[in-house]
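A.B. asks: I have a structure here, written as structure tokens, and I will follow up with some questions on it.
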Amino acid sequence: MRADVLDPRTDPEPAYWDDLRTQAGLRADWAWPVLAVQAWGARTPQLVTVLFDGAEPVAAVNAGWLGLPAGRFSFARAGSRPRLGALHVRGPGSAAVPGWWSAEHVPLAEFADAYTRAARAALGPGALGVVWRQVRPDQVDQIKHRVGKALTTEPLWTIHTGRWTDREQWLMALSRSRRSNLRGIVKRMTADDNLEVRVQTGAVIDDRPVAEVMRWNDAKYGGALIPRVRVLGGYLRELSAQPDVRSYSYLDRSTGRLLAFGHVLDHPQRPVVRSWSQLPRDRGGIRDLYFHHLASVVGWSIDEGRLGLELGKGKSREKESLGAEPTEQVALAVPTRWW
Amino acid sequence: MAHCLTVRPLLWTPTYRRVVRTAFATVPHYRELWALHGRTDPTLVPGRTGAHAGATPAEVAVERLPDLVPLRGGPAEANPYRGLETAPLGHPVPLAAARDHPGAGIIRDDLLGVLAVRADCGRWHLCHRDVYARATPLGLAFTLLRQRSPMLVDIAPGTQGAVGACPIHGKPVVEL
């Protein structure tokens, strides 16, 4: 298989990109301008690899190049990359969905092998291996080829909204306490005249208040050793501007202040609930906005006839109580083979 | 006489270029601006030269102070009195008013602090240990060479001018 190994920072959008995205069902975080800003704002070089069967693209992979030396407090160097390292295959900017797609007729083992070869050819002998994230247990054996180490990670959660025809049905499928709790939350928020919920598609947003709200979220989830760096303002603007992205803003009407913000990446079958950030309560935030947000997104997904809503990992108890089901996930480290 | 006409102190421009590279590698605002749009002198991404040679209008910088903090962290507040303690006594004016105030002795900006002082030759001498200046399409753009956070690089308060050398002292001056 022929391969294009691309750096979205400097490589122009390939002519086949739009068609490939449509065919593969890659969401707005794979739009080329979004990939470009994301890569500029990353601490490691981000590589997009496309594999071809003849002239036809049959697979796409997004990976970060984790190499040494790496800077905790600096963006990836432009123009050069570390010689020694491993590829980290993950969704661009998020690990809630797999970072690869391959056409149905391509056997997974063949795809994984072709990708590793392409990466080795592009990165040189310093490419020590590939770490695959969000692998399903049934895919493990085909990707790892007998060598490699598998590790079960946190499950991903999905609400299968295709099961219901209206919100009421969904609510009836939840536990009695969660149901009455959700009804109470929605009633309370609807009665709150000071709360404005704004849903926009392909929106021009001011990234500054969003960044301010996200700051609290980053502080909560960032590690001490590898602190989270917040995304570039340009990334938020570019992502929000995509026609298949829904931006949810919760605003205090009297002050105009942004209280919470979330993105949903649409998809014909399986939209992703991407980021959610809110001001802490001692900073003027409102309790339970997260539940209100999820209830409203679930309602939209049911109305639009989407099969499932991907919620990502974490907050398992809350997600389960909202009717989400887990899918087991494996992280797989496969060393480069030299034969 | 030739040595008196030295255009700039030996390490002035190399220091500025180092600050530019550090800002590009560690500060979100400059990363985004210079990566996606570009800049000049130095150009960081081949072919991208920017709308205003990479300068940022001062009012935009004020709105985006949190984006001027390096990834390592640091204060996001401007210090309008930066440099005042070491400046000679004089009447401070903003850059835009300096040309029309012959009696003024210090140019001070609310975001950047003290930029230049009037010397006995009557010219506006840049505080070149701390401040770099260059002419851009947005007017004079200033860089604080020693302030790590918020990092202020190529900030244009919006006044046209040129950077030259003082024929008497051989030090960098701004001509307004």
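Lettering and numbering for the structure tokens are positional, with chains as A, B, ... in the shown order, residues counted from 1 in each chain, and ligands counted from 1 in the shown order.
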Check the DSSP output for the backbone and give back, as a list of chain:residue names, the residues of stretch 52-159 of chain A in alpha helix (DSSP H).
C.D. replies: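 The alpha helix (DSSP H) subset of stretch 52-159 of chain A is A:Leu108, A:Ala109, A:Glu110, A:Phe111, A:Ala112, A:Asp113, A:Ala114, A:Tyr115, A:Thr116, A:Arg117, A:Ala118, A:Ala119, A:Arg120, A:Ala121, A:Ala122, A:Leu123, A:Val140, A:Asp141, A:Gln142, A:Ile143, A:Lys144.
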A.B. asks: For the contact check between chain A and chain B, emit one row per residue of chain A within 9 Å, containing the shortest atom pair and the distance in Å rounded to one decimal, counting only C-alpha atoms, chain then rising number order, as a tab-separated table.
C.D. replies:
```
residue	atom	partner	partner_atom	distance
A:Arg9	CA	B:Ala35	CA	8.1
A:Thr10	CA	B:Val45	CA	8.3
A:Ala36	CA	B:Leu36	CA	8.6
A:Val37	CA	B:Glu32	CA	7.6
A:Trp40	CA	B:Ala35	CA	7.0
A:Gly41	CA	B:Arg31	CA	7.3
A:Arg72	CA	B:Arg72	CA	8.2
A:Phe73	CA	B:Leu71	CA	5.2
A:Ser74	CA	B:Thr26	CA	4.6
A:Phe75	CA	B:Ala25	CA	5.3
A:Ala76	CA	B:Ala25	CA	7.4
A:Arg77	CA	B:Ala25	CA	7.1
A:Ala78	CA	B:Val45	CA	8.1
A:Gly79	CA	B:Val45	CA	8.8
A:Arg208	CA	B:Arg64	CA	7.5
A:Glu212	CA	B:Pro66	CA	8.8
A:Val229	CA	B:Leu71	CA	6.7
A:Arg230	CA	B:Leu71	CA	8.7
A:Val231	CA	B:Pro28	CA	8.5
A:Leu232	CA	B:Pro28	CA	6.2
A:Gly233	CA	B:Glu32	CA	8.1
A:Gly234	CA	B:Glu32	CA	6.8
```
A.B. asks: With only C-alpha atoms as the counted atoms, please give the residues lying no more than 9 Å from A:Ala28, apart from itself and same-chain residues fewer than 5 positions off, as JSON, numbers by chain.
C.D. replies: {"A": [21, 34, 239, 242, 243, 244, 245, 265, 266, 267]}
A.B. asks: Quick check for you: according to DSSP on this backbone, which residues of stretch 24-259 of chain A are classed as strand (DSSP E or B)? Reply as a PyMOL selection string.
C.D. replies: chain A and resi 46-53+56-68+84-89+100-102+127-135+149-159+195-201+245-252+258-259
A.B. asks: Have a look at A:Val213, A:Thr327, A:Ala122, A:Val334 and name the one nearest to A:Gly284; count only C-alpha atoms.
C.D. replies: A:Val213
A.B. asks: So that I can see what lies close to A:Val272, please list as a list in words the residues with an atom at most 8 Å from it, counting only C-alpha atoms and leaving out residues fewer than 6 positions away in the same chain.
C.D. replies: Val264, Leu265, Asp266, Leu309, Glu310, Leu311 and Gly312 of chain A
A.B. asks: Go ahead and dump the residues you just picked, C-alpha atoms, as a JSON list (two decimals), in the first residue's frame.
C.D. replies:
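The file below, out_17.json, is the result:
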```json
[["chain", "number", "residue", "atom", "x", "y", "z"],
["A", 264, "VAL", "CA", -21.02, 18.22, 20.09],
["A", 265, "LEU", "CA", -19.46, 16.81, 16.92],
["A", 266, "ASP", "CA", -22.26, 15.63, 14.68],
["A", 309, "LEU", "CA", -24.28, 9.32, 21.37],
["A", 310, "GLU", "CA", -20.59, 8.85, 22.25],
["A", 311, "LEU", "CA", -19.87, 10.26, 25.69],
["A", 312, "GLY", "CA", -16.19, 9.35, 26.01]]
```
A.B. asks: Report as a ChimeraX atom specification all protein, DNA and RNA residues lying within 7 Å of B:Pro80, evaluated on only C-alpha atoms, omitting residues in the same chain fewer than 4 positions from it.
C.D. replies: /B:109-113
A.B. asks: Find the distance between atom CA of A:Arg117 and atom CA of A:Ile143 and write it in Å to one decimal.
C.D. replies: 13.3 Å
A.B. asks: Please compute the atom CA of A:Pro82-atom CA of A:Leu68 distance, one decimal, in Å.
C.D. replies: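 Separating atom CA of A:Pro82 from atom CA of A:Leu68 is a distance of 5.7 Å.
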A.B. asks: Leaving out stretch 291-293 of chain A and any residue of its chain fewer than 3 positions from it, which residues lie within 7 Å of it when counting only C-alpha atoms, given as an MDAnalysis selection string?
C.D. replies: chainID A and resid 185:186 288 296:297
A.B. asks: Quick one: everything within 7 Å of B:Trp124, counting only C-alpha atoms, minus sequence neighbours fewer than 6 positions away in the same chain. Send it as a ChimeraX atom specification.
C.D. replies: /B:116-118,173-174
A.B. asks: Could you write out the selected residues, including N, CA and C atoms, as a PDB file, in the first residue's frame?
C.D. replies:
```pdb
ATOM      1  N   ALA B 116      10.963  54.843  26.409  1.00  0.00           N
ATOM      2  CA  ALA B 116      12.068  55.695  25.969  1.00  0.00           C
ATOM      3  C   ALA B 116      12.172  56.913  26.884  1.00  0.00           C
ATOM      4  N   VAL B 117      13.354  57.460  26.965  1.00  0.00           N
ATOM      5  CA  VAL B 117      13.543  58.706  27.723  1.00  0.00           C
ATOM      6  C   VAL B 117      14.252  59.724  26.827  1.00  0.00           C
ATOM      7  N   ARG B 118      13.964  60.999  27.083  1.00  0.00           N
ATOM      8  CA  ARG B 118      14.594  62.030  26.246  1.00  0.00           C
ATOM      9  C   ARG B 118      15.989  62.340  26.800  1.00  0.00           C
ATOM     10  N   VAL B 173      17.349  55.136  18.928  1.00  0.00           N
ATOM     11  CA  VAL B 173      16.353  56.169  19.243  1.00  0.00           C
ATOM     12  C   VAL B 173      15.111  55.916  18.397  1.00  0.00           C
ATOM     13  N   VAL B 174      13.979  56.418  18.900  1.00  0.00           N
ATOM     14  CA  VAL B 174      12.789  56.390  18.058  1.00  0.00           C
ATOM     15  C   VAL B 174      12.534  57.794  17.541  1.00  0.00           C
TER      16      VAL B 174
END
```
